[in-house]
file entry.cif (mmCIF, C-alpha atoms and all ligand atoms)
data_data
loop_
_atom_site.label_atom_id
_atom_site.label_comp_id
_atom_site.auth_asym_id
_atom_site.auth_seq_id
_atom_site.Cartn_x
_atom_site.Cartn_y
_atom_site.Cartn_z
CA MET A 146 -17.40 -21.55 1.82
CA SER A 147 -13.88 -21.59 3.29
CA LYS A 148 -12.66 -18.65 5.31
CA GLN A 149 -9.91 -18.21 2.75
CA THR A 150 -11.88 -17.87 -0.47
CA LYS A 151 -9.80 -16.41 -3.29
CA ALA A 152 -10.38 -15.11 -6.81
CA LYS A 153 -9.40 -18.49 -8.25
CA ASP A 154 -12.29 -20.08 -6.30
CA VAL A 155 -15.03 -17.76 -7.54
CA LEU A 156 -14.00 -16.23 -10.88
CA ASN A 157 -13.71 -17.69 -14.33
CA LYS A 158 -10.23 -17.34 -15.77
CA ASP A 159 -11.55 -14.96 -18.43
CA ASP A 160 -13.55 -12.69 -16.10
CA LEU A 161 -12.29 -9.14 -16.40
CA ILE A 162 -10.25 -7.91 -13.42
CA VAL A 163 -9.61 -4.15 -13.35
CA ILE A 164 -6.90 -2.50 -11.24
CA GLY A 165 -6.27 1.23 -10.72
CA GLY A 166 -2.81 2.58 -9.87
CA ALA A 167 -0.91 -0.33 -11.43
CA GLY A 168 2.09 1.79 -12.38
CA GLY A 169 2.79 1.89 -8.65
CA PHE A 170 4.06 -0.59 -6.11
CA ILE A 171 1.12 -2.57 -4.72
CA ALA A 172 -1.26 -2.50 -7.71
CA GLY A 173 1.58 -3.52 -10.06
CA SER A 174 2.33 -6.46 -7.78
CA LEU A 175 -1.38 -7.31 -7.65
CA ALA A 176 -1.58 -7.38 -11.46
CA ARG A 177 1.37 -9.78 -11.52
CA TYR A 178 -0.23 -11.88 -8.75
CA PHE A 179 -3.47 -12.33 -10.75
CA LYS A 180 -1.55 -12.96 -13.96
CA ASN A 181 0.42 -15.68 -12.20
CA GLN A 182 -2.86 -17.25 -11.08
CA GLY A 183 -3.79 -17.71 -14.74
CA PHE A 184 -6.36 -14.93 -15.21
CA THR A 185 -6.42 -14.00 -18.86
CA ARG A 186 -8.25 -10.66 -18.85
CA ILE A 187 -6.66 -8.09 -16.59
CA ARG A 188 -6.95 -4.39 -17.40
CA VAL A 189 -4.93 -1.89 -15.42
CA ALA A 190 -4.28 1.85 -15.49
CA ASP A 191 -2.09 4.57 -14.04
CA LYS A 192 -1.65 8.23 -14.83
CA LYS A 193 2.10 7.80 -15.28
CA PRO A 194 3.39 7.08 -18.77
CA LEU A 195 4.10 3.37 -19.23
CA TYR A 196 7.87 3.79 -19.20
CA GLU A 197 7.61 5.07 -15.61
CA TRP A 198 5.63 2.09 -14.32
CA TYR A 199 7.42 -0.04 -11.75
CA GLN A 200 6.17 -3.19 -13.44
CA VAL A 201 4.47 -3.65 -16.79
CA VAL A 202 3.16 -7.19 -16.69
CA PRO A 203 3.23 -8.96 -20.06
CA GLY A 204 -0.25 -10.03 -21.21
CA VAL A 205 -1.99 -7.41 -19.06
CA GLU A 206 -3.84 -4.58 -20.85
CA SER A 207 -2.02 -1.54 -19.49
CA LEU A 208 -3.53 1.91 -20.01
CA CYS A 209 -2.26 5.38 -19.25
CA LEU A 210 -5.27 7.16 -17.74
CA ASP A 211 -5.74 9.91 -15.18
CA LEU A 212 -8.33 8.38 -12.87
CA SER A 213 -9.31 11.67 -11.26
CA ASP A 214 -11.27 12.11 -14.50
CA GLU A 215 -14.63 10.34 -14.46
CA GLU A 216 -14.66 9.47 -18.18
CA ASN A 217 -11.34 7.69 -17.80
CA CYS A 218 -12.69 5.66 -14.88
CA ARG A 219 -15.66 4.63 -17.02
CA THR A 220 -13.29 3.50 -19.79
CA LEU A 221 -11.21 1.51 -17.35
CA CYS A 222 -14.13 -0.20 -15.60
CA GLU A 223 -16.19 -1.13 -18.65
CA GLY A 224 -17.10 -4.82 -18.54
CA ALA A 225 -15.33 -5.42 -15.22
CA LYS A 226 -16.32 -8.26 -12.95
CA GLU A 227 -14.11 -6.94 -10.16
CA VAL A 228 -12.49 -3.55 -9.63
CA TYR A 229 -9.51 -2.91 -7.35
CA ASN A 230 -8.74 0.73 -6.72
CA LEU A 231 -5.22 1.35 -5.46
CA ALA A 232 -4.54 4.60 -7.32
CA ALA A 233 -3.72 7.45 -4.96
CA ASP A 234 -1.39 10.40 -4.77
CA MET A 235 0.69 9.28 -1.82
CA GLY A 236 4.09 8.52 -0.37
CA GLY A 237 5.93 8.14 2.93
CA MET A 238 5.83 10.66 5.78
CA GLY A 239 7.95 13.10 3.77
CA PHE A 240 5.16 13.29 1.21
CA ILE A 241 1.94 13.02 3.18
CA GLU A 242 2.94 15.60 5.79
CA ARG A 243 3.93 18.15 3.13
CA PHE A 244 1.34 17.60 0.40
CA ARG A 245 -1.99 17.30 2.16
CA VAL A 246 -3.95 18.88 -0.69
CA GLU A 247 -2.65 16.32 -3.19
CA CYS A 248 -3.55 13.55 -0.75
CA LEU A 249 -7.06 14.91 -0.22
CA ARG A 250 -7.59 15.22 -3.97
CA SER A 251 -7.36 11.42 -4.29
CA ILE A 252 -11.01 11.55 -3.26
CA LEU A 253 -11.73 12.31 -6.92
CA ILE A 254 -10.15 9.00 -7.95
CA ASN A 255 -12.12 7.06 -5.36
CA THR A 256 -15.50 8.63 -5.99
CA HIS A 257 -15.18 8.23 -9.78
CA MET A 258 -13.80 4.71 -9.55
CA ILE A 259 -16.52 3.39 -7.26
CA GLU A 260 -19.29 5.02 -9.32
CA SER A 261 -17.79 3.65 -12.54
CA ALA A 262 -17.49 0.18 -11.05
CA TYR A 263 -21.12 0.37 -10.00
CA ARG A 264 -22.31 1.59 -13.41
CA ALA A 265 -20.27 -1.11 -15.13
CA GLY A 266 -22.14 -3.70 -13.05
CA ALA A 267 -19.01 -4.94 -11.28
CA GLU A 268 -19.75 -7.54 -8.62
CA ARG A 269 -17.05 -6.40 -6.23
CA PHE A 270 -15.04 -3.26 -5.54
CA PHE A 271 -11.84 -3.15 -3.46
CA PHE A 272 -10.53 -0.01 -1.76
CA SER A 273 -7.02 0.35 -0.31
CA SER A 274 -7.43 2.31 2.89
CA SER A 275 -4.66 2.96 5.37
CA ALA A 276 -3.70 2.81 9.02
CA CYS A 277 -3.49 6.60 8.66
CA ALA A 278 -7.30 6.57 8.92
CA TYR A 279 -6.97 5.76 12.65
CA ASN A 280 -7.40 8.31 15.39
CA VAL A 281 -3.98 9.95 15.85
CA THR A 282 -4.56 10.63 19.54
CA LEU A 283 -4.19 6.88 20.15
CA GLN A 284 -0.70 6.92 18.61
CA THR A 285 1.30 9.30 20.74
CA ASP A 286 3.46 6.69 22.49
CA PRO A 287 6.10 4.44 20.81
CA ASN A 288 4.91 1.61 23.12
CA VAL A 289 1.65 1.79 21.27
CA ARG A 290 -1.39 -0.36 21.89
CA ALA A 291 -2.03 -2.08 18.57
CA LEU A 292 -4.87 -0.48 16.62
CA LYS A 293 -8.07 -2.42 16.28
CA GLU A 294 -10.67 -1.65 13.65
CA SER A 295 -13.01 0.26 16.00
CA ASP A 296 -10.19 2.72 16.83
CA ALA A 297 -10.96 4.75 13.70
CA TYR A 298 -13.91 6.31 15.56
CA PRO A 299 -14.38 8.80 17.12
CA ALA A 300 -12.53 10.08 14.08
CA MET A 301 -9.32 12.09 14.25
CA SER A 302 -7.40 10.73 11.27
CA GLU A 303 -4.01 11.86 10.03
CA ARG A 304 -4.51 15.28 8.41
CA GLY A 305 -5.09 15.17 4.66
CA TYR A 306 -4.24 11.60 3.66
CA GLY A 307 -5.98 9.87 6.60
CA TRP A 308 -9.23 11.80 6.31
CA GLU A 309 -9.39 11.09 2.59
CA LYS A 310 -9.10 7.38 3.35
CA LEU A 311 -11.78 7.50 6.03
CA ILE A 312 -14.36 9.25 3.85
CA SER A 313 -13.57 6.91 0.94
CA GLU A 314 -14.21 3.97 3.28
CA MET A 315 -17.62 5.47 3.94
CA PHE A 316 -18.35 5.57 0.22
CA CYS A 317 -17.66 1.83 0.13
CA GLU A 318 -19.97 1.23 3.08
CA GLU A 319 -22.82 3.20 1.51
CA TYR A 320 -22.47 1.80 -2.00
CA TYR A 321 -23.15 -1.58 -0.44
CA ALA A 322 -25.85 -0.43 1.99
CA GLU A 323 -27.81 1.61 -0.54
CA ARG A 324 -26.91 0.10 -3.90
CA GLY A 325 -25.91 -3.46 -3.08
CA MET A 326 -22.46 -3.47 -4.70
CA LYS A 327 -20.14 -5.69 -2.66
CA THR A 328 -17.22 -3.63 -1.44
CA ALA A 329 -14.05 -4.57 0.44
CA ILE A 330 -11.95 -2.20 2.55
CA ALA A 331 -8.45 -3.07 3.77
CA ARG A 332 -6.51 -0.72 6.04
CA PHE A 333 -2.93 -1.35 4.96
CA HIS A 334 -0.14 -0.87 7.48
CA ASN A 335 3.20 0.11 5.82
CA VAL A 336 3.84 -2.17 2.88
CA TYR A 337 7.39 -2.79 1.66
CA GLY A 338 9.27 -5.03 -0.73
CA PRO A 339 10.84 -5.17 -4.19
CA ASN A 340 9.31 -3.00 -6.93
CA GLY A 341 8.40 -0.19 -4.53
CA THR A 342 9.50 3.44 -4.41
CA TRP A 343 13.06 3.62 -3.04
CA ASP A 344 14.19 7.16 -3.87
CA GLY A 345 12.87 10.57 -4.85
CA GLY A 346 10.90 11.72 -1.77
CA ARG A 347 7.88 9.37 -1.73
CA GLU A 348 9.71 6.32 -0.39
CA LYS A 349 8.89 4.85 3.01
CA ALA A 350 11.19 4.07 5.91
CA PRO A 351 12.37 0.50 5.02
CA ALA A 352 13.30 1.46 1.44
CA ALA A 353 14.75 4.84 2.44
CA LEU A 354 16.95 3.34 5.15
CA CYS A 355 18.17 0.47 2.94
CA ARG A 356 19.08 3.04 0.26
CA LYS A 357 20.92 5.20 2.79
CA VAL A 358 22.99 2.23 3.96
CA ILE A 359 23.79 1.29 0.35
CA GLU A 360 24.72 4.90 -0.46
CA ALA A 361 26.92 5.21 2.61
CA LYS A 362 28.80 2.04 1.68
CA ASP A 363 29.19 3.14 -1.90
CA CYS A 364 30.39 6.67 -1.08
CA GLY A 365 32.58 5.53 1.81
CA LYS A 366 30.94 8.18 4.03
CA MET A 367 30.01 5.92 6.89
CA GLU A 368 27.14 7.99 8.28
CA ILE A 369 23.38 7.69 8.28
CA ASP A 370 20.79 10.37 8.86
CA ILE A 371 17.62 9.14 10.61
CA TRP A 372 14.36 11.09 10.65
CA GLY A 373 13.26 11.70 14.25
CA ASP A 374 14.82 10.12 17.33
CA GLY A 375 14.47 6.63 15.82
CA LEU A 376 12.38 5.48 18.77
CA GLN A 377 9.20 5.70 16.70
CA THR A 378 7.73 2.27 16.02
CA ARG A 379 5.81 0.75 13.12
CA SER A 380 4.87 -2.63 11.71
CA PHE A 381 5.77 -3.45 8.12
CA MET A 382 4.00 -5.89 5.81
CA TYR A 383 5.85 -7.70 3.04
CA ILE A 384 4.29 -7.24 -0.41
CA ASP A 385 3.48 -10.94 -0.97
CA ASP A 386 1.40 -10.96 2.22
CA CYS A 387 -0.36 -7.84 1.01
CA THR A 388 -1.45 -9.25 -2.37
CA GLN A 389 -2.62 -12.48 -0.76
CA GLY A 390 -4.54 -10.56 1.90
CA ILE A 391 -6.22 -8.34 -0.69
CA ASP A 392 -7.44 -11.44 -2.53
CA MET A 393 -8.89 -13.03 0.61
CA ILE A 394 -10.50 -9.84 1.96
CA MET A 395 -12.07 -9.10 -1.43
CA HIS A 396 -13.68 -12.53 -1.58
CA SER A 397 -14.87 -12.90 1.99
CA GLU A 398 -18.66 -12.72 2.23
CA GLU A 399 -18.30 -11.90 5.95
CA LEU A 400 -16.19 -8.83 5.27
CA ILE A 401 -18.36 -7.00 2.78
CA ALA A 402 -18.24 -3.22 3.38
CA THR A 403 -16.27 -3.84 6.58
CA ALA A 404 -12.92 -2.13 7.16
CA ILE A 405 -10.22 -4.55 8.30
CA ASN A 406 -6.54 -4.24 9.17
CA LEU A 407 -4.13 -5.70 6.67
CA GLY A 408 -0.73 -5.42 8.29
CA SER A 409 1.96 -7.24 10.17
CA SER A 410 1.81 -7.24 13.95
CA GLU A 411 5.62 -7.41 14.34
CA LEU A 412 6.48 -4.04 15.90
CA ILE A 413 9.83 -2.54 14.85
CA ALA A 414 11.54 0.61 16.16
CA ILE A 415 13.18 2.68 13.42
CA ASN A 416 16.56 2.41 15.19
CA ASP A 417 16.25 -1.40 15.05
CA LEU A 418 15.34 -1.22 11.36
CA VAL A 419 18.58 0.71 10.79
CA ALA A 420 20.53 -1.95 12.70
CA MET A 421 19.02 -4.69 10.52
CA ALA A 422 19.82 -2.82 7.32
CA GLU A 423 23.39 -2.28 8.54
CA GLU A 424 23.71 -5.97 9.34
CA ILE A 425 22.42 -6.98 5.90
CA GLY A 426 24.84 -4.50 4.31
CA GLY A 427 27.70 -5.66 6.54
CA VAL A 428 28.47 -2.17 7.89
CA LYS A 429 28.14 -0.08 11.03
CA LEU A 430 27.38 3.59 10.47
CA GLU A 431 27.65 6.74 12.55
CA ARG A 432 24.06 7.86 13.27
CA THR A 433 22.68 11.39 13.23
CA HIS A 434 19.07 12.17 14.04
CA ASP A 435 17.18 14.91 12.22
CA LEU A 436 14.64 15.93 14.84
CA ASP A 437 12.97 18.45 12.51
CA ALA A 438 12.23 15.90 9.78
CA PRO A 439 8.72 14.44 9.37
CA ARG A 440 8.34 11.44 11.67
CA GLY A 441 4.60 10.77 11.77
CA VAL A 442 2.91 9.32 14.83
CA ALA A 443 5.11 8.00 17.67
CA GLY A 444 3.99 4.41 17.35
CA ARG A 445 1.62 2.29 15.30
CA ASN A 446 0.88 -1.42 15.15
CA SER A 447 -1.83 -3.60 13.67
CA ASP A 448 -4.12 -5.53 16.01
CA ASN A 449 -4.77 -8.69 14.01
CA THR A 450 -7.42 -10.27 16.23
CA PHE A 451 -10.18 -9.54 13.69
CA ILE A 452 -8.36 -10.76 10.56
CA LYS A 453 -7.28 -13.97 12.32
CA LYS A 454 -10.86 -14.58 13.35
CA MET A 455 -12.31 -13.81 9.92
CA LEU A 456 -9.69 -15.39 7.65
CA GLY A 457 -7.76 -17.72 9.95
CA TRP A 458 -4.67 -15.92 8.64
CA GLU A 459 -2.46 -12.88 9.16
CA PRO A 460 0.54 -11.49 7.27
CA GLY A 461 3.42 -13.63 8.47
CA THR A 462 6.64 -12.85 6.60
CA PRO A 463 9.27 -12.07 9.29
CA PHE A 464 10.51 -8.49 8.86
CA ARG A 465 14.18 -9.48 8.77
CA GLU A 466 13.51 -11.89 5.90
CA GLY A 467 11.49 -9.39 3.84
CA LEU A 468 13.99 -6.62 4.51
CA GLU A 469 16.85 -8.69 3.16
CA LYS A 470 15.00 -9.30 -0.13
CA THR A 471 14.13 -5.60 -0.32
CA TYR A 472 17.71 -4.52 0.43
CA LYS A 473 19.11 -6.76 -2.31
CA TRP A 474 16.57 -5.46 -4.81
CA ILE A 475 17.37 -1.82 -3.97
CA GLU A 476 21.08 -2.55 -4.22
CA THR A 477 20.57 -3.87 -7.74
CA GLN A 478 18.49 -0.80 -8.62
CA TYR A 479 21.18 1.47 -7.19
CA ASN A 480 23.96 -0.22 -9.15
CA ASP A 481 21.87 -0.26 -12.33
CA ARG A 482 21.22 3.45 -12.01
CA LYS A 483 24.92 4.10 -11.49
CA ALA A 484 25.61 2.11 -14.64
CA GLY A 485 23.19 4.37 -16.54
CA LYS A 486 20.39 1.80 -16.81
CA ARG A 487 16.73 2.73 -16.33
CA THR A 488 15.37 1.91 -12.85
CA VAL A 489 12.29 2.16 -10.67
CA SER A 490 12.40 5.03 -8.18
P1 LIG B 501 2.28 4.01 -5.25
O1 LIG B 501 2.50 5.48 -5.13
O2 LIG B 501 3.45 3.16 -5.57
O3 LIG B 501 1.12 3.70 -6.28
C1 LIG B 501 0.01 4.52 -6.46
C2 LIG B 501 -0.14 4.76 -7.94
O4 LIG B 501 -1.32 5.55 -8.16
C3 LIG B 501 1.04 5.53 -8.55
O5 LIG B 501 1.65 4.78 -9.57
C4 LIG B 501 0.39 6.79 -9.09
O6 LIG B 501 0.95 7.24 -10.33
C5 LIG B 501 -1.04 6.35 -9.28
N1 LIG B 501 -1.93 7.50 -9.36
C6 LIG B 501 -1.94 8.60 -8.57
N2 LIG B 501 -2.88 9.45 -8.99
C7 LIG B 501 -3.47 8.87 -10.07
C8 LIG B 501 -4.49 9.28 -10.95
N3 LIG B 501 -5.09 10.47 -10.83
N4 LIG B 501 -4.84 8.45 -11.95
C9 LIG B 501 -4.21 7.25 -12.11
N5 LIG B 501 -3.23 6.82 -11.32
C10 LIG B 501 -2.86 7.63 -10.30
O7 LIG B 501 1.62 3.58 -3.85
P2 LIG B 501 1.39 2.13 -3.25
O8 LIG B 501 2.32 1.99 -2.11
O9 LIG B 501 1.39 1.11 -4.31
O10 LIG B 501 -0.08 2.31 -2.64
C11 LIG B 501 -1.24 1.79 -3.26
C12 LIG B 501 -2.46 2.08 -2.41
O11 LIG B 501 -2.28 1.54 -1.11
C13 LIG B 501 -2.76 3.56 -2.21
O12 LIG B 501 -4.15 3.76 -2.17
C14 LIG B 501 -2.18 3.85 -0.86
O13 LIG B 501 -2.79 4.95 -0.24
C15 LIG B 501 -2.47 2.56 -0.13
N6 LIG B 501 -1.57 2.33 1.01
C16 LIG B 501 -0.27 2.04 0.81
C17 LIG B 501 0.55 1.83 1.89
C18 LIG B 501 2.01 1.48 1.72
O14 LIG B 501 2.69 1.26 2.70
N7 LIG B 501 2.55 1.40 0.51
C19 LIG B 501 0.05 1.94 3.20
C20 LIG B 501 -1.29 2.26 3.37
C21 LIG B 501 -2.10 2.43 2.26
#

call {"tool": "encode", "arguments": {"input": "entry.cif", "output": "structure tokens"}}
result
Amino acid sequence: MSKQTKAKDVLNKDDLIVIGGAGGFIAGSLARYFKNQGFTRIRVADKKPLYEWYQVVPGVESLCLDLSDEENCRTLCEGAKEVYNLAADMGGMGFIERFRVECLRSILINTHMIESAYRAGAERFFFSSSACAYNVTLQTDPNVRALKESDAYPAMSERGYGWEKLISEMFCEEYYAERGMKTAIARFHNVYGPNGTWDGGREKAPAALCRKVIEAKDCGKMEIDIWGDGLQTRSFMYIDDCTQGIDMIMHSEELIATAINLGSSELIAINDLVAMAEEIGGVKLERTHDLDAPRGVAGRNSDNTFIKKMLGWEPGTPFREGLEKTYKWIETQYNDRKAGKRTVS
């Protein structure tokens, strides 16, 4: 079998694909991705009412269910061939540093979803882990050494959110070891792109900074407030790379129950991200730095040695290119909202 086996290579078009958290950014995009591949039975759920979903994909069975409730997970997973769990109470640094209890409580979603997938006889289960599962003591310098998979242990994950991801990874490992259900675990590094959160407190740096540039231009107040000193570094993965990577990781026989990085290895300092957003917007803004705001670890990058070896692939969309598409999408959202139209936020 090729290193890059995908759903289209192993599933029948009418096999049931189930996705949790599809009212949100990544799972909504994943539902659209599978729909575009011609799969005819896709069932998705989110606790948000349908009118708040970022994308409702036509032809996809879309349910409003709270997946921290086990019965609801059973309903969702019934008859599934594959289950993708991306539902989680999460957001950018502003959210995960302030609401650690909410982040930890996502363990209920993961434990109920994996058990329901198992009871439904699903062949494969996907879990969206995070780079926040990595040991934070390795991330104190902006000139960070990229994180490789073994850096999660000895464990010292990001408080709340990161620990929840790490223990949920372990559930995936043990459901395979003890019960034989094939599980896949991807550690996402900051995902961005159209159809993601761009306002309201849960948004991440690329969307937040694009919005701030757009706002500054619109209001004529040519200033931008940056969280932290702006020297902090991250890598950002474009959404299309993420959905493709999920598909390949899920269907790799070599990666069963094995956590793997899914992220870009292009390291960007927040100050440089601001400069790119300014350039796209055609403005130059006066910068202020809020040193008391949440800033997360000093630096984080994805070491892609393992994914390149296993899949012969890594997320490759250049950040500048993805940011431009994201900026334009947020600008449309911003203008639509101003015009009184309903938008994603
Ligand atoms: P998102 O917030 O846009 O989507 C998550 C969705 O889960 C939301 O729509 C939310 O309503 C839903 N949800 C929360 N609690 C629920 C519940 N009890 N029942 C049903 N639905 C519930 O986030 P996203 O960016 O699409 O992230 C998807 C997954 O990827 C999450 O597991 C997240 O931790 C992980 N991840 C994302 C990133 C990133 O940069 N976006 C990075 C690392 C990991």

call {"tool": "closest_residue", "arguments": {"input": "entry.cif", "among": "A:Phe184, A:Trp372, A:Trp343, A:Tyr298", "to": "ligand LIG 501 (chain B)", "atoms": "all atoms listed in the file"}}
result
A:Trp343

call {"tool": "closest_residue", "arguments": {"input": "entry.cif", "among": "A:Glu314, A:Glu268, A:Glu294, A:Glu227", "to": "ligand LIG 501 (chain B)", "atoms": "all atoms listed in the file"}}
result
A:Glu314

call {"tool": "residues_around", "arguments": {"input": "entry.cif", "residues": "range 243-259 of chain A", "least_positions_apart": "6", "cutoff": "7 Å", "atoms": "all atoms listed in the file", "output": "list in words"}}
result
Leu212, Ser213, Glu215, Cys218, Ala233, Asp234, Met235, Gly305, Tyr306, Glu309 and Ser313 of chain A

call {"tool": "residues_near_ligand", "arguments": {"input": "entry.cif", "ligand": "ligand LIG 501 (chain B)", "cutoff": "8 Å", "atoms": "all atoms listed in the file", "output": "short mmCIF file (atom, residue, chain, number, x, y, z; two decimals) with C-alpha atoms, in the coordinates of the input"}}
result
data_model
loop_
_atom_site.label_atom_id
_atom_site.label_comp_id
_atom_site.auth_asym_id
_atom_site.auth_seq_id
_atom_site.Cartn_x
_atom_site.Cartn_y
_atom_site.Cartn_z
CA GLY A 165 -6.27 1.23 -10.72
CA GLY A 166 -2.81 2.58 -9.87
CA ALA A 167 -0.91 -0.33 -11.43
CA GLY A 168 2.09 1.79 -12.38
CA GLY A 169 2.79 1.89 -8.65
CA PHE A 170 4.06 -0.59 -6.11
CA ILE A 171 1.12 -2.57 -4.72
CA ALA A 172 -1.26 -2.50 -7.71
CA GLY A 173 1.58 -3.52 -10.06
CA ALA A 190 -4.28 1.85 -15.49
CA ASP A 191 -2.09 4.57 -14.04
CA LYS A 192 -1.65 8.23 -14.83
CA LYS A 193 2.10 7.80 -15.28
CA TRP A 198 5.63 2.09 -14.32
CA TYR A 199 7.42 -0.04 -11.75
CA CYS A 209 -2.26 5.38 -19.25
CA LEU A 210 -5.27 7.16 -17.74
CA ASP A 211 -5.74 9.91 -15.18
CA LEU A 212 -8.33 8.38 -12.87
CA SER A 213 -9.31 11.67 -11.26
CA ASP A 214 -11.27 12.11 -14.50
CA ASN A 230 -8.74 0.73 -6.72
CA LEU A 231 -5.22 1.35 -5.46
CA ALA A 232 -4.54 4.60 -7.32
CA ALA A 233 -3.72 7.45 -4.96
CA ASP A 234 -1.39 10.40 -4.77
CA MET A 235 0.69 9.28 -1.82
CA GLY A 236 4.09 8.52 -0.37
CA GLY A 237 5.93 8.14 2.93
CA SER A 251 -7.36 11.42 -4.29
CA LEU A 253 -11.73 12.31 -6.92
CA ILE A 254 -10.15 9.00 -7.95
CA PHE A 272 -10.53 -0.01 -1.76
CA SER A 273 -7.02 0.35 -0.31
CA SER A 274 -7.43 2.31 2.89
CA SER A 275 -4.66 2.96 5.37
CA ALA A 276 -3.70 2.81 9.02
CA CYS A 277 -3.49 6.60 8.66
CA TYR A 306 -4.24 11.60 3.66
CA LYS A 310 -9.10 7.38 3.35
CA ARG A 332 -6.51 -0.72 6.04
CA PHE A 333 -2.93 -1.35 4.96
CA HIS A 334 -0.14 -0.87 7.48
CA ASN A 335 3.20 0.11 5.82
CA VAL A 336 3.84 -2.17 2.88
CA TYR A 337 7.39 -2.79 1.66
CA GLY A 341 8.40 -0.19 -4.53
CA THR A 342 9.50 3.44 -4.41
CA ARG A 347 7.88 9.37 -1.73
CA LYS A 349 8.89 4.85 3.01
CA PHE A 381 5.77 -3.45 8.12
CA MET A 382 4.00 -5.89 5.81
#

call {"tool": "residues_near_point", "arguments": {"input": "entry.cif", "point": "(3.6, -9.1, 0.0)", "cutoff": "10 Å", "atoms": "only C-alpha atoms", "output": "PDB file with C-alpha atoms, in the frame of the given file"}}
result
ATOM      1  CA  ILE A 171       1.120  -2.570  -4.720  1.00  0.00           C
ATOM      2  CA  SER A 174       2.330  -6.460  -7.780  1.00  0.00           C
ATOM      3  CA  LEU A 175      -1.380  -7.310  -7.650  1.00  0.00           C
ATOM      4  CA  TYR A 178      -0.230 -11.880  -8.750  1.00  0.00           C
ATOM      5  CA  VAL A 336       3.840  -2.170   2.880  1.00  0.00           C
ATOM      6  CA  TYR A 337       7.390  -2.790   1.660  1.00  0.00           C
ATOM      7  CA  GLY A 338       9.270  -5.030  -0.730  1.00  0.00           C
ATOM      8  CA  PRO A 339      10.840  -5.170  -4.190  1.00  0.00           C
ATOM      9  CA  MET A 382       4.000  -5.890   5.810  1.00  0.00           C
ATOM     10  CA  TYR A 383       5.850  -7.700   3.040  1.00  0.00           C
ATOM     11  CA  ILE A 384       4.290  -7.240  -0.410  1.00  0.00           C
ATOM     12  CA  ASP A 385       3.480 -10.940  -0.970  1.00  0.00           C
ATOM     13  CA  ASP A 386       1.400 -10.960   2.220  1.00  0.00           C
ATOM     14  CA  CYS A 387      -0.360  -7.840   1.010  1.00  0.00           C
ATOM     15  CA  THR A 388      -1.450  -9.250  -2.370  1.00  0.00           C
ATOM     16  CA  GLN A 389      -2.620 -12.480  -0.760  1.00  0.00           C
ATOM     17  CA  GLY A 390      -4.540 -10.560   1.900  1.00  0.00           C
ATOM     18  CA  ILE A 391      -6.220  -8.340  -0.690  1.00  0.00           C
ATOM     19  CA  PRO A 460       0.540 -11.490   7.270  1.00  0.00           C
ATOM     20  CA  GLY A 461       3.420 -13.630   8.470  1.00  0.00           C
ATOM     21  CA  THR A 462       6.640 -12.850   6.600  1.00  0.00           C
ATOM     22  CA  GLY A 467      11.490  -9.390   3.840  1.00  0.00           C
TER      23      GLY A 467
END

call {"tool": "atom_distance", "arguments": {"input": "entry.cif", "atom1": "CA of Ser380 in chain A", "atom2": "CA of Tyr279 in chain A"}}
result
14.5 Å

call {"tool": "closest_residue", "arguments": {"input": "entry.cif", "among": "A:Arg440, A:Lys158, A:Arg487, A:Arg304", "to": "Gly375 in chain A", "atoms": "only C-alpha atoms"}}
result
A:Arg440

call {"tool": "atom_distance", "arguments": {"input": "entry.cif", "atom1": "CA of Asp363 in chain A", "atom2": "CA of His434 in chain A"}}
result
20.9 Å

call {"tool": "residues_near_point", "arguments": {"input": "entry.cif", "point": "(-8.7, -12.2, 11.9)", "cutoff": "12 Å", "atoms": "all atoms listed in the file", "output": "MDAnalysis selection string"}}
result
chainID A and resid 148:149 293:294 390 393:394 397 399:400 404:410 447:460

call {"tool": "closest_residue", "arguments": {"input": "entry.cif", "among": "A:Val419, A:Ile401, A:Ile413, A:Ile241", "to": "Gly325 in chain A", "atoms": "all atoms listed in the file"}}
result
A:Ile401

call {"tool": "residues_around", "arguments": {"input": "entry.cif", "residues": "Gly224 in chain A", "least_positions_apart": "2", "cutoff": "10 Å", "atoms": "all atoms listed in the file", "output": "list in words"}}
result
Asp160, Leu161, Ile162, Val163, Arg219, Thr220, Leu221, Cys222, Lys226, Glu227, Ala262, Arg264, Ala265, Gly266 and Ala267 of chain A

call {"tool": "residues_around", "arguments": {"input": "entry.cif", "residues": "Asn280 in chain A", "least_positions_apart": "6", "cutoff": "8 Å", "atoms": "all atoms listed in the file", "output": "PyMOL selection string"}}
result
chain A and resi 296-303

call {"tool": "residues_around", "arguments": {"input": "entry.cif", "residues": "Met395 in chain A", "least_positions_apart": "2", "cutoff": "9 Å", "atoms": "all atoms listed in the file", "output": "list in words"}}
result
Thr150, Lys151, Ala152, Tyr229, Arg269, Phe270, Phe271, Lys327, Thr328, Ala329, Ile330, Ala331, Gly390, Ile391, Asp392, Met393, Ser397, Glu398, Leu400 and Ile401 of chain A

call {"tool": "atom_distance", "arguments": {"input": "entry.cif", "atom1": "CA of Gly365 in chain A", "atom2": "CA of Leu430 in chain A"}}
result
10.3 Å

call {"tool": "closest_residue", "arguments": {"input": "entry.cif", "among": "A:Gly444, A:Glu348, A:Leu354, A:Leu376", "to": "Met238 in chain A", "atoms": "all atoms listed in the file"}}
result
A:Glu348

call {"tool": "closest_residue", "arguments": {"input": "entry.cif", "among": "A:Ala402, A:Ile369, A:Phe464, A:Arg379", "to": "Lys429 in chain A", "atoms": "all atoms listed in the file"}}
result
A:Ile369
